[in-house]
Structure formats: C-alpha cells, structure tokens
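Read the structure below first, then the notes.
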Amino acid sequence: MSRRILLVNGPNLNLLGTREPEVYGTATLVDVERITGAAAAEFGFEVRAVQSNHEGVLIDAIHAARDDCAAIVINPGGLTHTSVVLRDALTGVSLPFAEVHISDVYAREQFRHHSYLDDVAAVRVVGRGVDGYADAVRQLAALIP
C-alpha cells in the first residue's frame with residue numbers, strides 16, 4: 001500500500017491569507033501544505049497537494065489518486081454545497097477521505113450547512129482553522145493499516 005495522501009484544496013483556497021482573514025485567518029495555502037505534510041510525516045506518509053479553481057482538475061486528481069495514494073484530505077470549498085460529481089469521484093475511487101473546512105460552516109450562511117460529502121467522508125473536521133488539516137491526517141492515519 002502506498003504511503004501517500006492526496007491533499008485537495010478547491011476553489012478560492014489559493015486566496016488563503018488574504019481572502020476574508022476574519023473568517024479564514026491569515027495562514028496561506030503554503031502553510032496548509034506544510035502543516036498537512038508535517039502531520040502526515042508523523043505517520044510515515046508523504047503528501048501530494050493539488051489546488052484548483054476548476055472542478056474537473058480536482059476530479060482528475062482524485063481519479064489519479066487510486067494509483068498511488070492511501071487516502072485523501074479534501075477541502076472542497078464552495079463545491080461542498082453544490083457538487084454531486086465531486087462526491088461521485090470520491091466514492092468512486094474507494095479511498096478513505098477526510099472533509100476539512102477551515103471555518104465553522106454551521107455558524108455561517110444557511111446554504112453552507114449542507115455538504116454532499118458529509119455522509120460518505122471517513123473523517124470530518126470543521127471550524128478548526130488550518131490546524132484542522134493536521135487533525136484530519138491524524139484521524140485518517142488511524143484508519144489506514
């Protein structure tokens with residue numbers, strides 16, 4: 001089995017550090033990748049990271065993960081609330097995955113309360129800031145033999 005985790009960050013997460021810092025904090029996407037990589041290394045995993053503002057790019061990366069990854073950590077951004085095809089890609093590759101949200105989506109607008117992934121994610125981490133990515137990795141690692 002591969003000792004790699006795919007880290008997927010969806011639309012607008014490239015703006016971390018500057019986009020609505022009162023909601024998302026000041027950490028950048030580079031910080032997220034570093035935090036995730038450090039947590040994965042604790043369990044002997046490496047991380048391959050992808051961020052895109054295009055749904056198809058994310059789906060292609062998820063499909064490719066079945067060849068060399070043991071799990072996926074994903075912050076789908078706004079696609080959480082809209083994308084059946086993202087859900088289908090994640091369930092289709094049969095890899096355990098963690099759904100991560102930096103902000104507490106349940107304390108925000110009503111439309112953010114629905115997730116197409118929540119009932120199929122092995123792990124969910126919501127509202128823990130960027131440290132939630134490390135939490136997700138640790139919880140996923142516990143599920144991988």
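If you're wondering about the labels, chains in the structure tokens are A, B, ... by order shown, residues count from 1 in each chain, ligands from 1 in order shown.
Omitting Phe43 (chain A) and its sequence neighbours fewer than 5 positions away, and counting only C-alpha atoms, the residues within 9 Å are Arg3, Val137, Arg138 and Ala141 of chain A.
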Store the residues of this selection in a file with all heavy atoms, as a compact mmCIF listing (two decimals), in the first residue's frame.
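Result file selection16.txt:
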# COMPACT_ATOMS: atom_id res chain seq x y z
N ARG A 3 2.19 4.93 0.77
CA ARG A 3 2.26 5.78 1.96
C ARG A 3 2.17 7.24 1.53
O ARG A 3 2.97 8.07 1.92
CB ARG A 3 3.55 5.51 2.75
CG ARG A 3 3.71 4.10 3.25
CD ARG A 3 2.60 3.65 4.17
NE ARG A 3 2.69 4.29 5.47
CZ ARG A 3 1.82 4.10 6.45
NH1 ARG A 3 0.80 3.27 6.30
NH2 ARG A 3 1.94 4.72 7.59
N VAL A 137 -5.51 14.47 9.03
CA VAL A 137 -4.47 13.49 8.70
C VAL A 137 -4.33 12.49 9.84
O VAL A 137 -4.25 11.28 9.60
CB VAL A 137 -3.12 14.19 8.42
CG1 VAL A 137 -1.97 13.19 8.42
CG2 VAL A 137 -3.18 14.95 7.11
N ARG A 138 -4.28 12.96 11.06
CA ARG A 138 -4.12 12.05 12.20
C ARG A 138 -5.28 11.07 12.31
O ARG A 138 -5.08 9.88 12.57
CB ARG A 138 -3.94 12.85 13.48
CG ARG A 138 -2.62 13.60 13.52
CD ARG A 138 -2.43 14.39 14.80
NE ARG A 138 -1.20 15.16 14.70
CZ ARG A 138 -1.16 16.50 14.62
NH1 ARG A 138 -2.27 17.22 14.67
NH2 ARG A 138 0.00 17.11 14.50
N ALA A 141 -5.00 8.60 9.36
CA ALA A 141 -3.87 7.66 9.55
C ALA A 141 -4.27 6.51 10.47
O ALA A 141 -3.84 5.37 10.29
CB ALA A 141 -2.66 8.39 10.08
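Within 10 Å of region 105-112 of chain A, once only C-alpha atoms are used and residues closer than 4 positions along the same chain are dropped, the contacting residues are Val23, Gly77, Gly78, Thr80, His81, Thr82, His101, Val126 and Gly127 of chain A.
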**Request:** Going by DSSP on the backbone, which bits of region 15-136 of chain A are strand (DSSP E)? Write them as a ChimeraX atom specification, please.
**Result:** /A:46-51,71-75,97-101,123-126
**Prompt:** What are the DSSP helix (DSSP H, G or I) residues of region 64-95 of chain A, as number ranges by chain?
**Reply:** A: 64-65, 77-81, 84-92
Take the residues from that selection and put them in a file with N, CA, C and O atoms, as a CSV table (one decimal), in the first residue's frame.
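Contents of result-v3.csv, freshly written:
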chain,number,residue,atom,x,y,z
A,64,ALA,N,-6.7,10.0,-10.2
A,64,ALA,CA,-5.3,9.5,-10.3
A,64,ALA,C,-4.8,9.0,-9.0
A,64,ALA,O,-4.0,8.2,-8.9
A,65,ALA,N,-5.4,9.5,-7.9
A,65,ALA,CA,-5.0,9.1,-6.5
A,65,ALA,C,-5.2,7.6,-6.3
A,65,ALA,O,-4.4,7.0,-5.5
A,77,GLY,N,-14.1,23.6,-0.6
A,77,GLY,CA,-14.5,24.9,-0.7
A,77,GLY,C,-16.0,25.0,-1.0
A,77,GLY,O,-16.8,24.1,-0.5
A,78,GLY,N,-16.4,25.9,-1.8
A,78,GLY,CA,-17.8,26.0,-2.2
A,78,GLY,C,-18.4,24.8,-2.9
A,78,GLY,O,-19.6,24.6,-2.9
A,79,LEU,N,-17.6,23.9,-3.5
A,79,LEU,CA,-18.1,22.7,-4.1
A,79,LEU,C,-18.7,21.8,-3.1
A,79,LEU,O,-19.5,20.9,-3.5
A,80,THR,N,-18.4,22.0,-1.8
A,80,THR,CA,-19.0,21.2,-0.8
A,80,THR,C,-20.6,21.2,-0.9
A,80,THR,O,-21.2,20.1,-0.7
A,81,HIS,N,-21.1,22.3,-1.2
A,81,HIS,CA,-22.5,22.5,-1.2
A,81,HIS,C,-23.2,22.4,-2.5
A,81,HIS,O,-24.4,22.5,-2.6
A,84,VAL,N,-22.3,17.2,-6.9
A,84,VAL,CA,-22.6,15.7,-6.8
A,84,VAL,C,-21.4,15.0,-7.5
A,84,VAL,O,-21.0,13.9,-7.1
A,85,VAL,N,-20.8,15.6,-8.6
A,85,VAL,CA,-19.8,14.9,-9.3
A,85,VAL,C,-18.5,14.7,-8.5
A,85,VAL,O,-17.8,13.8,-8.6
A,86,LEU,N,-18.2,15.7,-7.6
A,86,LEU,CA,-17.1,15.6,-6.7
A,86,LEU,C,-17.4,14.4,-5.7
A,86,LEU,O,-16.5,13.6,-5.5
A,87,ARG,N,-18.6,14.3,-5.2
A,87,ARG,CA,-18.9,13.2,-4.3
A,87,ARG,C,-18.7,11.9,-5.1
A,87,ARG,O,-18.2,10.9,-4.6
A,88,ASP,N,-19.2,11.8,-6.3
A,88,ASP,CA,-19.1,10.6,-7.1
A,88,ASP,C,-17.6,10.2,-7.3
A,88,ASP,O,-17.3,9.0,-7.3
A,89,ALA,N,-16.8,11.2,-7.6
A,89,ALA,CA,-15.4,10.9,-7.8
A,89,ALA,C,-14.8,10.3,-6.5
A,89,ALA,O,-14.0,9.3,-6.5
A,90,LEU,N,-15.1,10.9,-5.4
A,90,LEU,CA,-14.5,10.5,-4.1
A,90,LEU,C,-15.0,9.1,-3.7
A,90,LEU,O,-14.2,8.2,-3.3
A,91,THR,N,-16.3,8.8,-3.9
A,91,THR,CA,-16.8,7.5,-3.6
A,91,THR,C,-16.3,6.5,-4.7
A,91,THR,O,-16.1,5.3,-4.3
A,92,GLY,N,-16.1,6.9,-5.9
A,92,GLY,CA,-15.7,6.0,-7.0
A,92,GLY,C,-14.3,5.5,-6.8
A,92,GLY,O,-14.0,4.4,-7.3
**Pairwise distance for CA of Ala40 (chain A) and CA of Ala27 (chain A), rounded to one decimal in Å** = 18.7 Å
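Minimum atom-to-atom distance to Val73 (chain A), evaluated using only C-alpha atoms, belongs to A:Val8 out of A:Val8, A:Leu13, A:Ala49, A:Ile144.
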**Distance query Leu95 (chain A) at most 12 Å, only C-alpha atoms, self and fewer than 3 positions along chain excluded, as JSON, numbers by chain** = {"A": [1, 2, 4, 5, 6, 62, 63, 64, 65, 66, 67, 68, 69, 70, 71, 72, 73, 74, 89, 90, 91, 92, 98, 120, 121, 122, 123, 140, 143, 144]}
**Message:** Excluding Gly129 (chain A) and its own-chain neighbours fewer than 3 positions away, which residues fall within 12 Å of it when counting only C-alpha atoms? Please give them as a ChimeraX atom specification.
**Reply:** /A:16-17,21-28,31-32,35,75,100-105,125-126,132-136
**Among the residues A:Gly44, A:Ser94, A:Ser52, A:Ala38, the one that comes closest to Leu15 (chain A) [using only C-alpha atoms]** = A:Ser52
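Coordinates place CA of Pro76 (chain A) at a distance of 12.6 Å from CA of His114 (chain A).
Note that the spacing between CA of Ile59 (chain A) and CA of Gly10 (chain A) amounts to 10.4 Å.
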**Asked** Between A:Val30, A:Gln51, A:Thr36, A:Asp119, which has the minimum distance to Asn12 (chain A) (counting only C-alpha atoms)?
**Response** A:Gln51
